[in-house]
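Novice: File follows, data.cif with mmCIF, C-alpha atoms:
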data_model
#
loop_
_atom_site.group_PDB
_atom_site.id
_atom_site.type_symbol
_atom_site.label_atom_id
_atom_site.label_comp_id
_atom_site.auth_asym_id
_atom_site.auth_seq_id
_atom_site.Cartn_x
_atom_site.Cartn_y
_atom_site.Cartn_z
ATOM 1 C CA MET A 1 -173.017 134.312 -17.289
ATOM 2 C CA ILE A 2 -176.187 132.958 -18.703
ATOM 3 C CA SER A 3 -175.918 131.326 -22.106
ATOM 4 C CA GLU A 4 -177.326 134.331 -24.009
ATOM 5 C CA GLN A 5 -174.464 136.519 -22.730
ATOM 6 C CA LYS A 6 -171.553 134.219 -23.624
ATOM 7 C CA GLU A 7 -171.256 135.304 -27.258
ATOM 8 C CA ALA A 8 -171.352 139.028 -26.413
ATOM 9 C CA ASN A 9 -168.790 138.712 -23.597
ATOM 10 C CA LYS A 10 -166.214 136.434 -25.232
ATOM 11 C CA ALA A 11 -163.421 138.981 -24.605
ATOM 12 C CA ILE A 12 -164.092 138.928 -20.846
ATOM 13 C CA LEU A 13 -164.101 135.132 -20.890
ATOM 14 C CA LEU A 14 -160.729 135.064 -22.678
ATOM 15 C CA LYS A 15 -159.324 137.665 -20.254
ATOM 16 C CA SER A 16 -160.466 135.501 -17.337
ATOM 17 C CA VAL A 17 -158.873 132.376 -18.830
ATOM 18 C CA ASN A 18 -155.617 134.292 -19.332
ATOM 19 C CA TYR A 19 -155.744 135.527 -15.707
ATOM 20 C CA LEU A 20 -156.253 131.973 -14.427
ATOM 21 C CA GLU A 21 -153.403 130.606 -16.561
ATOM 22 C CA ASN A 22 -151.087 133.264 -15.130
ATOM 23 C CA ASP A 23 -152.284 132.415 -11.605
ATOM 24 C CA GLY A 24 -151.186 128.776 -11.952
ATOM 25 C CA TYR A 25 -154.411 127.011 -12.913
ATOM 26 C CA GLU A 26 -154.088 124.035 -15.245
ATOM 27 C CA ASP A 27 -156.341 121.975 -17.521
ATOM 28 C CA ILE A 28 -158.646 124.953 -18.060
ATOM 29 C CA LYS A 29 -161.976 124.268 -19.739
ATOM 30 C CA ALA A 30 -164.153 127.110 -21.027
ATOM 31 C CA ASP A 31 -166.743 127.620 -23.708
ATOM 32 C CA VAL A 32 -164.403 129.504 -26.073
ATOM 33 C CA GLU A 33 -162.627 128.585 -29.272
ATOM 34 C CA GLY A 34 -159.483 126.549 -28.676
ATOM 35 C CA LEU A 35 -160.511 125.160 -25.272
ATOM 36 C CA GLU A 36 -162.586 122.166 -24.281
ATOM 37 C CA THR A 37 -166.140 122.926 -23.139
ATOM 38 C CA PRO A 38 -166.913 122.124 -19.470
ATOM 39 C CA LYS A 39 -169.408 119.402 -18.577
ATOM 40 C CA SER A 40 -173.049 120.540 -18.615
ATOM 41 C CA TYR A 41 -175.676 119.553 -16.068
ATOM 42 C CA THR A 42 -179.369 119.137 -16.922
ATOM 43 C CA LYS A 43 -182.082 120.418 -14.618
ATOM 44 C CA GLN A 44 -184.747 117.699 -14.512
ATOM 45 C CA SER A 45 -187.752 119.935 -13.809
ATOM 46 C CA ASP A 46 -187.563 122.020 -17.003
ATOM 47 C CA LYS A 47 -184.824 120.218 -18.995
ATOM 48 C CA SER A 48 -182.614 123.332 -19.030
ATOM 49 C CA THR A 49 -178.840 122.922 -18.986
ATOM 50 C CA ILE A 50 -176.330 124.538 -16.655
ATOM 51 C CA THR A 51 -172.755 124.880 -17.896
ATOM 52 C CA PRO A 52 -170.073 126.527 -15.743
ATOM 53 C CA ASP A 53 -168.205 129.365 -17.461
ATOM 54 C CA ILE A 54 -164.745 128.039 -16.553
ATOM 55 C CA VAL A 55 -163.463 124.862 -14.882
ATOM 56 C CA ALA A 56 -159.787 124.543 -13.906
ATOM 57 C CA PHE A 57 -157.467 122.600 -11.618
ATOM 58 C CA LYS A 58 -154.925 123.957 -9.138
ATOM 59 C CA ASN A 59 -153.008 121.937 -6.544
ATOM 60 C CA GLY A 60 -155.124 118.869 -7.288
ATOM 61 C CA ARG A 61 -158.468 120.589 -6.591
ATOM 62 C CA LYS A 62 -161.147 121.362 -9.111
ATOM 63 C CA HIS A 63 -162.306 124.984 -9.269
ATOM 64 C CA TYR A 64 -165.491 126.257 -10.906
ATOM 65 C CA PHE A 65 -165.594 129.903 -12.015
ATOM 66 C CA GLU A 66 -168.571 132.022 -12.978
ATOM 67 C CA ILE A 67 -168.227 135.405 -14.648
ATOM 68 C CA SER A 68 -170.639 137.924 -13.202
ATOM 69 C CA GLN A 69 -172.229 140.276 -15.746
ATOM 70 C CA LYS A 70 -175.375 142.358 -15.343
ATOM 71 C CA SER A 71 -178.312 140.420 -16.677
ATOM 72 C CA ASP A 72 -181.927 140.975 -17.646
ATOM 73 C CA LYS A 73 -182.652 137.531 -16.187
ATOM 74 C CA PRO A 74 -181.167 137.576 -12.665
ATOM 75 C CA ASN A 75 -183.279 134.597 -11.569
ATOM 76 C CA GLN A 76 -181.559 132.344 -14.123
ATOM 77 C CA LEU A 77 -178.192 133.527 -12.857
ATOM 78 C CA LYS A 78 -179.208 132.966 -9.227
ATOM 79 C CA THR A 79 -180.362 129.442 -10.049
ATOM 80 C CA LYS A 80 -177.079 128.683 -11.777
ATOM 81 C CA TRP A 81 -174.958 130.080 -8.930
ATOM 82 C CA ARG A 82 -177.027 128.289 -6.257
ATOM 83 C CA PHE A 83 -176.681 124.974 -8.109
ATOM 84 C CA LEU A 84 -172.918 125.389 -8.597
ATOM 85 C CA ASP A 85 -172.448 126.375 -4.947
ATOM 86 C CA VAL A 86 -174.356 123.334 -3.654
ATOM 87 C CA TYR A 87 -172.696 120.987 -6.165
ATOM 88 C CA THR A 88 -169.145 122.167 -5.396
ATOM 89 C CA ARG A 89 -169.654 121.901 -1.647
ATOM 90 C CA ALA A 90 -170.997 118.360 -2.037
ATOM 91 C CA LYS A 91 -168.045 117.314 -4.206
ATOM 92 C CA ASN A 92 -165.439 119.211 -2.140
ATOM 93 C CA HIS A 93 -164.515 121.508 -5.036
ATOM 94 C CA ASN A 94 -164.182 125.294 -5.054
ATOM 95 C CA PHE A 95 -166.627 127.784 -6.556
ATOM 96 C CA LYS A 96 -165.522 131.355 -7.291
ATOM 97 C CA ILE A 97 -167.028 134.405 -8.952
ATOM 98 C CA ILE A 98 -165.086 136.626 -11.376
ATOM 99 C CA THR A 99 -166.358 140.154 -11.952
ATOM 100 C CA THR A 100 -165.281 143.151 -13.981
ATOM 101 C CA ARG A 101 -165.493 146.890 -13.570
ATOM 102 C CA GLY A 102 -169.080 148.097 -13.675
ATOM 103 C CA ASN A 103 -170.427 144.842 -12.287
ATOM 104 C CA TYR A 104 -169.118 144.921 -8.686
ATOM 105 C CA LYS A 105 -172.330 146.231 -7.122
ATOM 106 C CA PHE A 106 -174.504 143.847 -9.144
ATOM 107 C CA THR A 107 -172.305 140.929 -8.066
ATOM 108 C CA GLN A 108 -172.422 141.874 -4.384
ATOM 109 C CA GLU A 109 -176.217 142.246 -4.505
ATOM 110 C CA MET A 110 -176.583 138.840 -6.159
ATOM 111 C CA LEU A 111 -174.318 137.204 -3.581
ATOM 112 C CA SER A 112 -176.194 138.803 -0.688
ATOM 113 C CA ASP A 113 -179.570 137.767 -2.192
ATOM 114 C CA LEU A 114 -178.304 134.179 -2.355
ATOM 115 C CA ASN A 115 -176.725 134.456 1.090
ATOM 116 C CA LEU A 116 -173.336 133.353 -0.298
ATOM 117 C CA GLN A 117 -170.172 134.442 1.493
ATOM 118 C CA LYS A 118 -167.782 134.818 -1.454
ATOM 119 C CA ASN A 119 -165.139 137.355 -2.340
ATOM 120 C CA ALA A 120 -165.342 138.040 -6.059
ATOM 121 C CA ILE A 121 -162.149 138.062 -8.116
ATOM 122 C CA ARG A 122 -161.915 141.505 -9.682
ATOM 123 C CA LEU A 123 -160.413 141.822 -13.147
#
Could you show the structure in this file as structure tokens?

Specialist:
Amino acid sequence: MISEQKEANKAILLKSVNYLENDGYEDIKADVEGLETPKSYTKQSDKSTITPDIVAFKNGRKHYFEISQKSDKPNQLKTKWRFLDVYTRAKNHNFKIITTRGNYKFTQEMLSDLNLQKNAIRL
């Protein structure tokens, strides 16, 4: 999600955190009340910040999760996903997309536009 959507979609973020806890992920960080906020990264060209939606550990590996929601600013979302994909591959971490009902087609179109081969986690 882009930062403008986080407040409106807090319930989906909490549902995703709950799903990950039940799936065995530990040390979960998310931008919601009661959890630590994940580390942000600053884009040098325009001084904008990129913060992953959820960061968690499982079996000693760090996993980054992005929640896919329809957006009026798909280019911002594409930039964020491209950065997280490149960063996680460089650091040998995992990057996954979580999507909800009504957003499957949007998510698949975004992934195909970015040429990313990912299977979205459907909640």

Novice: Give me, please, the distance in Å between CA of Ser68 in chain A and CA of Gln108 in chain A, quoted to one decimal.

Specialist: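 Answer for the CA of Ser68 in chain A to CA of Gln108 in chain A separation: 9.8 Å.
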
Novice: Pull out every residue that the PyMOL selection byres ((chain A and resi 36-51) around 12) matches in the shown coordinates and put them as number ranges by chain.

Specialist: A: 1-3, 6, 27-35, 52-56, 62-67, 76-84, 87

Novice: Just to be explicit: take each residue in the selection above, keep C-alpha atoms, and write the result as an mmCIF file, in the frame of the given file.

Specialist:
data_model
loop_
_atom_site.group_PDB
_atom_site.id
_atom_site.type_symbol
_atom_site.label_atom_id
_atom_site.label_comp_id
_atom_site.auth_asym_id
_atom_site.auth_seq_id
_atom_site.Cartn_x
_atom_site.Cartn_y
_atom_site.Cartn_z
ATOM 1 C CA MET A 1 -173.017 134.312 -17.289
ATOM 2 C CA ILE A 2 -176.187 132.958 -18.703
ATOM 3 C CA SER A 3 -175.918 131.326 -22.106
ATOM 4 C CA LYS A 6 -171.553 134.219 -23.624
ATOM 5 C CA ASP A 27 -156.341 121.975 -17.521
ATOM 6 C CA ILE A 28 -158.646 124.953 -18.060
ATOM 7 C CA LYS A 29 -161.976 124.268 -19.739
ATOM 8 C CA ALA A 30 -164.153 127.110 -21.027
ATOM 9 C CA ASP A 31 -166.743 127.620 -23.708
ATOM 10 C CA VAL A 32 -164.403 129.504 -26.073
ATOM 11 C CA GLU A 33 -162.627 128.585 -29.272
ATOM 12 C CA GLY A 34 -159.483 126.549 -28.676
ATOM 13 C CA LEU A 35 -160.511 125.160 -25.272
ATOM 14 C CA PRO A 52 -170.073 126.527 -15.743
ATOM 15 C CA ASP A 53 -168.205 129.365 -17.461
ATOM 16 C CA ILE A 54 -164.745 128.039 -16.553
ATOM 17 C CA VAL A 55 -163.463 124.862 -14.882
ATOM 18 C CA ALA A 56 -159.787 124.543 -13.906
ATOM 19 C CA LYS A 62 -161.147 121.362 -9.111
ATOM 20 C CA HIS A 63 -162.306 124.984 -9.269
ATOM 21 C CA TYR A 64 -165.491 126.257 -10.906
ATOM 22 C CA PHE A 65 -165.594 129.903 -12.015
ATOM 23 C CA GLU A 66 -168.571 132.022 -12.978
ATOM 24 C CA ILE A 67 -168.227 135.405 -14.648
ATOM 25 C CA GLN A 76 -181.559 132.344 -14.123
ATOM 26 C CA LEU A 77 -178.192 133.527 -12.857
ATOM 27 C CA LYS A 78 -179.208 132.966 -9.227
ATOM 28 C CA THR A 79 -180.362 129.442 -10.049
ATOM 29 C CA LYS A 80 -177.079 128.683 -11.777
ATOM 30 C CA TRP A 81 -174.958 130.080 -8.930
ATOM 31 C CA ARG A 82 -177.027 128.289 -6.257
ATOM 32 C CA PHE A 83 -176.681 124.974 -8.109
ATOM 33 C CA LEU A 84 -172.918 125.389 -8.597
ATOM 34 C CA TYR A 87 -172.696 120.987 -6.165
#

Novice: One number please: CA of Leu123 in chain A to CA of Ile98 in chain A, in Å, one decimal.

Specialist: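 CA of Ile98 in chain A lies 7.2 Å from CA of Leu123 in chain A.
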
Novice: What does the structure give for the distance between CA of Phe95 in chain A and CA of Asn119 in chain A, in Å to one decimal?

Specialist: 10.6 Å

Novice: Draw an axis-aligned box over all listed atoms of range 4-10 of chain A, pad each side with 4 Å, and write its centre and edge lengths in Å, one decimal, as lines of an AutoDock Vina configuration file.

Specialist:
center_x = -171.8
center_y = 136.6
center_z = -25.0
size_x = 19.1
size_y = 12.8
size_z = 12.5

Novice: Hey, which of A:Leu111, A:Pro74, A:Lys58, A:Gln69 ends up closest to Lys10 in chain A? Count all atoms listed in the file.

Specialist: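 Checking each candidate against Lys10 in chain A, we get A:Gln69 as the closest.
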
Novice: Of the candidates A:Ala8, A:Leu20, A:Leu13, A:Met110, which shows the shortest atom-to-atom distance to Lys73 in chain A, using all atoms listed in the file?

Specialist: A:Met110
